[in-house]
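Undergrad: Got input.pdb for you, PDB, N, CA and C atoms:
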ATOM      1  N   MET A   1     -38.361  -4.592 -90.772  1.00  0.00           N
ATOM      2  CA  MET A   1     -38.483  -5.603 -89.737  1.00  0.00           C
ATOM      3  C   MET A   1     -38.228  -6.973 -90.360  1.00  0.00           C
ATOM      4  N   SER A   2     -37.437  -7.759 -89.682  1.00  0.00           N
ATOM      5  CA  SER A   2     -37.133  -9.079 -90.223  1.00  0.00           C
ATOM      6  C   SER A   2     -38.223 -10.077 -89.845  1.00  0.00           C
ATOM      7  N   ASP A   3     -38.437 -11.038 -90.728  1.00  0.00           N
ATOM      8  CA  ASP A   3     -39.434 -12.067 -90.477  1.00  0.00           C
ATOM      9  C   ASP A   3     -38.804 -13.207 -89.699  1.00  0.00           C
ATOM     10  N   PHE A   4     -39.505 -13.666 -88.671  1.00  0.00           N
ATOM     11  CA  PHE A   4     -39.042 -14.787 -87.878  1.00  0.00           C
ATOM     12  C   PHE A   4     -39.786 -16.041 -88.304  1.00  0.00           C
ATOM     13  N   SER A   5     -39.103 -17.161 -88.195  1.00  0.00           N
ATOM     14  CA  SER A   5     -39.735 -18.418 -88.573  1.00  0.00           C
ATOM     15  C   SER A   5     -40.744 -18.818 -87.499  1.00  0.00           C
ATOM     16  N   PRO A   6     -41.770 -19.567 -87.878  1.00  0.00           N
ATOM     17  CA  PRO A   6     -42.767 -19.989 -86.897  1.00  0.00           C
ATOM     18  C   PRO A   6     -42.188 -20.829 -85.764  1.00  0.00           C
ATOM     19  N   SER A   7     -41.158 -21.612 -86.043  1.00  0.00           N
ATOM     20  CA  SER A   7     -40.562 -22.420 -84.977  1.00  0.00           C
ATOM     21  C   SER A   7     -39.859 -21.537 -83.949  1.00  0.00           C
ATOM     22  N   PHE A   8     -39.251 -20.442 -84.394  1.00  0.00           N
ATOM     23  CA  PHE A   8     -38.609 -19.512 -83.459  1.00  0.00           C
ATOM     24  C   PHE A   8     -39.654 -18.829 -82.590  1.00  0.00           C
ATOM     25  N   ILE A   9     -40.740 -18.391 -83.182  1.00  0.00           N
ATOM     26  CA  ILE A   9     -41.813 -17.738 -82.424  1.00  0.00           C
ATOM     27  C   ILE A   9     -42.416 -18.706 -81.419  1.00  0.00           C
ATOM     28  N   PHE A  10     -42.575 -19.953 -81.818  1.00  0.00           N
ATOM     29  CA  PHE A  10     -43.105 -20.976 -80.902  1.00  0.00           C
ATOM     30  C   PHE A  10     -42.158 -21.210 -79.737  1.00  0.00           C
ATOM     31  N   ALA A  11     -40.854 -21.229 -79.996  1.00  0.00           N
ATOM     32  CA  ALA A  11     -39.867 -21.431 -78.937  1.00  0.00           C
ATOM     33  C   ALA A  11     -39.853 -20.254 -77.971  1.00  0.00           C
ATOM     34  N   VAL A  12     -39.937 -19.052 -78.475  1.00  0.00           N
ATOM     35  CA  VAL A  12     -39.959 -17.866 -77.617  1.00  0.00           C
ATOM     36  C   VAL A  12     -41.234 -17.841 -76.778  1.00  0.00           C
ATOM     37  N   ALA A  13     -42.354 -18.203 -77.370  1.00  0.00           N
ATOM     38  CA  ALA A  13     -43.609 -18.247 -76.620  1.00  0.00           C
ATOM     39  C   ALA A  13     -43.544 -19.291 -75.510  1.00  0.00           C
ATOM     40  N   GLY A  14     -42.910 -20.414 -75.786  1.00  0.00           N
ATOM     41  CA  GLY A  14     -42.750 -21.442 -74.759  1.00  0.00           C
ATOM     42  C   GLY A  14     -41.888 -20.965 -73.609  1.00  0.00           C
ATOM     43  N   GLN A  15     -40.802 -20.276 -73.924  1.00  0.00           N
ATOM     44  CA  GLN A  15     -39.937 -19.754 -72.875  1.00  0.00           C
ATOM     45  C   GLN A  15     -40.649 -18.692 -72.043  1.00  0.00           C
ATOM     46  N   LEU A  16     -41.398 -17.817 -72.690  1.00  0.00           N
ATOM     47  CA  LEU A  16     -42.126 -16.780 -71.961  1.00  0.00           C
ATOM     48  C   LEU A  16     -43.209 -17.378 -71.078  1.00  0.00           C
ATOM     49  N   SER A  17     -43.899 -18.395 -71.550  1.00  0.00           N
ATOM     50  CA  SER A  17     -44.940 -19.009 -70.732  1.00  0.00           C
ATOM     51  C   SER A  17     -44.337 -19.746 -69.544  1.00  0.00           C
ATOM     52  N   PHE A  18     -43.202 -20.399 -69.745  1.00  0.00           N
ATOM     53  CA  PHE A  18     -42.537 -21.057 -68.617  1.00  0.00           C
ATOM     54  C   PHE A  18     -42.073 -20.032 -67.590  1.00  0.00           C
ATOM     55  N   GLY A  19     -41.482 -18.964 -68.044  1.00  0.00           N
ATOM     56  CA  GLY A  19     -41.006 -17.923 -67.123  1.00  0.00           C
ATOM     57  C   GLY A  19     -42.126 -17.277 -66.342  1.00  0.00           C
ATOM     58  N   SER A  20     -43.230 -16.987 -67.002  1.00  0.00           N
ATOM     59  CA  SER A  20     -44.342 -16.358 -66.300  1.00  0.00           C
ATOM     60  C   SER A  20     -45.002 -17.321 -65.322  1.00  0.00           C
ATOM     61  N   ALA A  21     -45.087 -18.603 -65.667  1.00  0.00           N
ATOM     62  CA  ALA A  21     -45.646 -19.581 -64.734  1.00  0.00           C
ATOM     63  C   ALA A  21     -44.732 -19.767 -63.531  1.00  0.00           C
ATOM     64  N   PHE A  22     -43.421 -19.787 -63.761  1.00  0.00           N
ATOM     65  CA  PHE A  22     -42.458 -19.940 -62.668  1.00  0.00           C
ATOM     66  C   PHE A  22     -42.527 -18.757 -61.713  1.00  0.00           C
ATOM     67  N   LEU A  23     -42.506 -17.544 -62.241  1.00  0.00           N
ATOM     68  CA  LEU A  23     -42.566 -16.359 -61.393  1.00  0.00           C
ATOM     69  C   LEU A  23     -43.923 -16.236 -60.705  1.00  0.00           C
ATOM     70  N   GLY A  24     -44.978 -16.639 -61.380  1.00  0.00           N
ATOM     71  CA  GLY A  24     -46.296 -16.621 -60.760  1.00  0.00           C
ATOM     72  C   GLY A  24     -46.389 -17.593 -59.601  1.00  0.00           C
ATOM     73  N   GLY A  25     -45.758 -18.744 -59.723  1.00  0.00           N
ATOM     74  CA  GLY A  25     -45.741 -19.699 -58.628  1.00  0.00           C
ATOM     75  C   GLY A  25     -44.981 -19.179 -57.428  1.00  0.00           C
ATOM     76  N   ILE A  26     -43.854 -18.536 -57.677  1.00  0.00           N
ATOM     77  CA  ILE A  26     -43.088 -17.948 -56.579  1.00  0.00           C
ATOM     78  C   ILE A  26     -43.895 -16.849 -55.907  1.00  0.00           C
ATOM     79  N   LEU A  27     -44.551 -16.010 -56.693  1.00  0.00           N
ATOM     80  CA  LEU A  27     -45.356 -14.930 -56.138  1.00  0.00           C
ATOM     81  C   LEU A  27     -46.525 -15.469 -55.325  1.00  0.00           C
ATOM     82  N   ALA A  28     -47.175 -16.518 -55.791  1.00  0.00           N
ATOM     83  CA  ALA A  28     -48.282 -17.116 -55.053  1.00  0.00           C
ATOM     84  C   ALA A  28     -47.801 -17.693 -53.728  1.00  0.00           C
ATOM     85  N   ALA A  29     -46.650 -18.340 -53.729  1.00  0.00           N
ATOM     86  CA  ALA A  29     -46.100 -18.889 -52.486  1.00  0.00           C
ATOM     87  C   ALA A  29     -45.768 -17.780 -51.498  1.00  0.00           C
ATOM     88  N   MET A  30     -45.207 -16.687 -51.977  1.00  0.00           N
ATOM     89  CA  MET A  30     -44.894 -15.567 -51.095  1.00  0.00           C
ATOM     90  C   MET A  30     -46.160 -14.934 -50.541  1.00  0.00           C
ATOM     91  N   LEU A  31     -47.192 -14.808 -51.364  1.00  0.00           N
ATOM     92  CA  LEU A  31     -48.449 -14.219 -50.918  1.00  0.00           C
ATOM     93  C   LEU A  31     -49.104 -15.071 -49.844  1.00  0.00           C
ATOM     94  N   VAL A  32     -49.127 -16.378 -50.037  1.00  0.00           N
ATOM     95  CA  VAL A  32     -49.703 -17.277 -49.034  1.00  0.00           C
ATOM     96  C   VAL A  32     -48.908 -17.202 -47.741  1.00  0.00           C
ATOM     97  N   THR A  33     -47.597 -17.134 -47.834  1.00  0.00           N
ATOM     98  CA  THR A  33     -46.761 -17.035 -46.637  1.00  0.00           C
ATOM     99  C   THR A  33     -47.056 -15.758 -45.868  1.00  0.00           C
ATOM    100  N   VAL A  34     -47.178 -14.649 -46.560  1.00  0.00           N
ATOM    101  CA  VAL A  34     -47.470 -13.378 -45.894  1.00  0.00           C
ATOM    102  C   VAL A  34     -48.853 -13.419 -45.253  1.00  0.00           C
ATOM    103  N   VAL A  35     -49.835 -13.961 -45.943  1.00  0.00           N
ATOM    104  CA  VAL A  35     -51.190 -14.006 -45.400  1.00  0.00           C
ATOM    105  C   VAL A  35     -51.253 -14.907 -44.173  1.00  0.00           C
ATOM    106  N   VAL A  36     -50.595 -16.050 -44.223  1.00  0.00           N
ATOM    107  CA  VAL A  36     -50.651 -16.996 -43.104  1.00  0.00           C
ATOM    108  C   VAL A  36     -49.940 -16.434 -41.878  1.00  0.00           C
ATOM    109  N   PHE A  37     -48.769 -15.846 -42.066  1.00  0.00           N
ATOM    110  CA  PHE A  37     -47.987 -15.425 -40.910  1.00  0.00           C
ATOM    111  C   PHE A  37     -48.353 -14.047 -40.378  1.00  0.00           C
ATOM    112  N   THR A  38     -49.184 -13.291 -41.086  1.00  0.00           N
ATOM    113  CA  THR A  38     -49.590 -11.986 -40.576  1.00  0.00           C
ATOM    114  C   THR A  38     -51.034 -11.977 -40.105  1.00  0.00           C
ATOM    115  N   SER A  39     -51.724 -13.071 -40.216  1.00  0.00           N
ATOM    116  CA  SER A  39     -53.127 -13.097 -39.776  1.00  0.00           C
ATOM    117  C   SER A  39     -53.203 -13.214 -38.257  1.00  0.00           C
ATOM    118  N   GLU A  40     -54.242 -12.612 -37.678  1.00  0.00           N
ATOM    119  CA  GLU A  40     -54.439 -12.656 -36.232  1.00  0.00           C
ATOM    120  C   GLU A  40     -54.835 -14.050 -35.774  1.00  0.00           C
ATOM    121  N   LYS A  41     -55.750 -14.676 -36.505  1.00  0.00           N
ATOM    122  CA  LYS A  41     -56.204 -16.026 -36.159  1.00  0.00           C
ATOM    123  C   LYS A  41     -55.288 -17.039 -36.829  1.00  0.00           C
ATOM    124  N   LYS A  42     -54.794 -17.944 -36.044  1.00  0.00           N
ATOM    125  CA  LYS A  42     -53.943 -18.982 -36.616  1.00  0.00           C
ATOM    126  C   LYS A  42     -54.831 -20.118 -37.137  1.00  0.00           C
ATOM    127  N   ILE A  43     -54.492 -20.621 -38.307  1.00  0.00           N
ATOM    128  CA  ILE A  43     -55.271 -21.675 -38.913  1.00  0.00           C
ATOM    129  C   ILE A  43     -55.019 -23.005 -38.230  1.00  0.00           C
ATOM    130  N   TYR A  44     -53.812 -23.223 -37.777  1.00  0.00           N
ATOM    131  CA  TYR A  44     -53.457 -24.491 -37.168  1.00  0.00           C
ATOM    132  C   TYR A  44     -53.578 -24.459 -35.664  1.00  0.00           C
TER     133      TYR A  44
END
Show the structure stored in the file as structure tokens.
TA:
Amino acid sequence: MSDFSPSFIFAVAGQLSFGSAFLGGILAAMLVTVVVFTSEKKIY
């Protein structure tokens, strides 16, 4: 197994955290949309 430099590992961790936060935000928005539009009682 090859050794990676700490700066490379830090860059990969940053990219993975950005990707997971981005996808999590999209998923949260979709979940809220489904809950709001499928509920019997309207909030507004």
Undergrad: Calculate how many Å separate atom CA of Val35 of chain A from atom CA of Gly19 of chain A, rounding to one decimal.
TA: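 Distance reported for this atom pair: 24.3 Å.
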Undergrad: To one decimal in Å, tell me the separation between atom CA of Gln15 of chain A and atom CA of Ser2 of chain A.
TA: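 Distance between the two atoms: 20.6 Å.
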Undergrad: Would you mind reading off the distance between atom N of Ala29 of chain A and atom C of Ser17 of chain A, one decimal, in Å?
TA: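 These two atoms are separated by 16.0 Å.
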Undergrad: Using DSSP assignments from the backbone, pull out every residue in chain A that falls under alpha helix (DSSP H) and give it to me as a PyMOL selection string.
TA: chain A and resi 6-38
Undergrad: First collect every listed atom of segment 24-42 of chain A; then fit an axis-aligned box around them, widen it by 8 Å on each side, and give centre and edge lengths in Å to one decimal, as JSON.
TA:
{"center_x": -49.6, "center_y": -16.0, "center_z": -48.6, "size_x": 29.1, "size_y": 24.1, "size_z": 41.6}
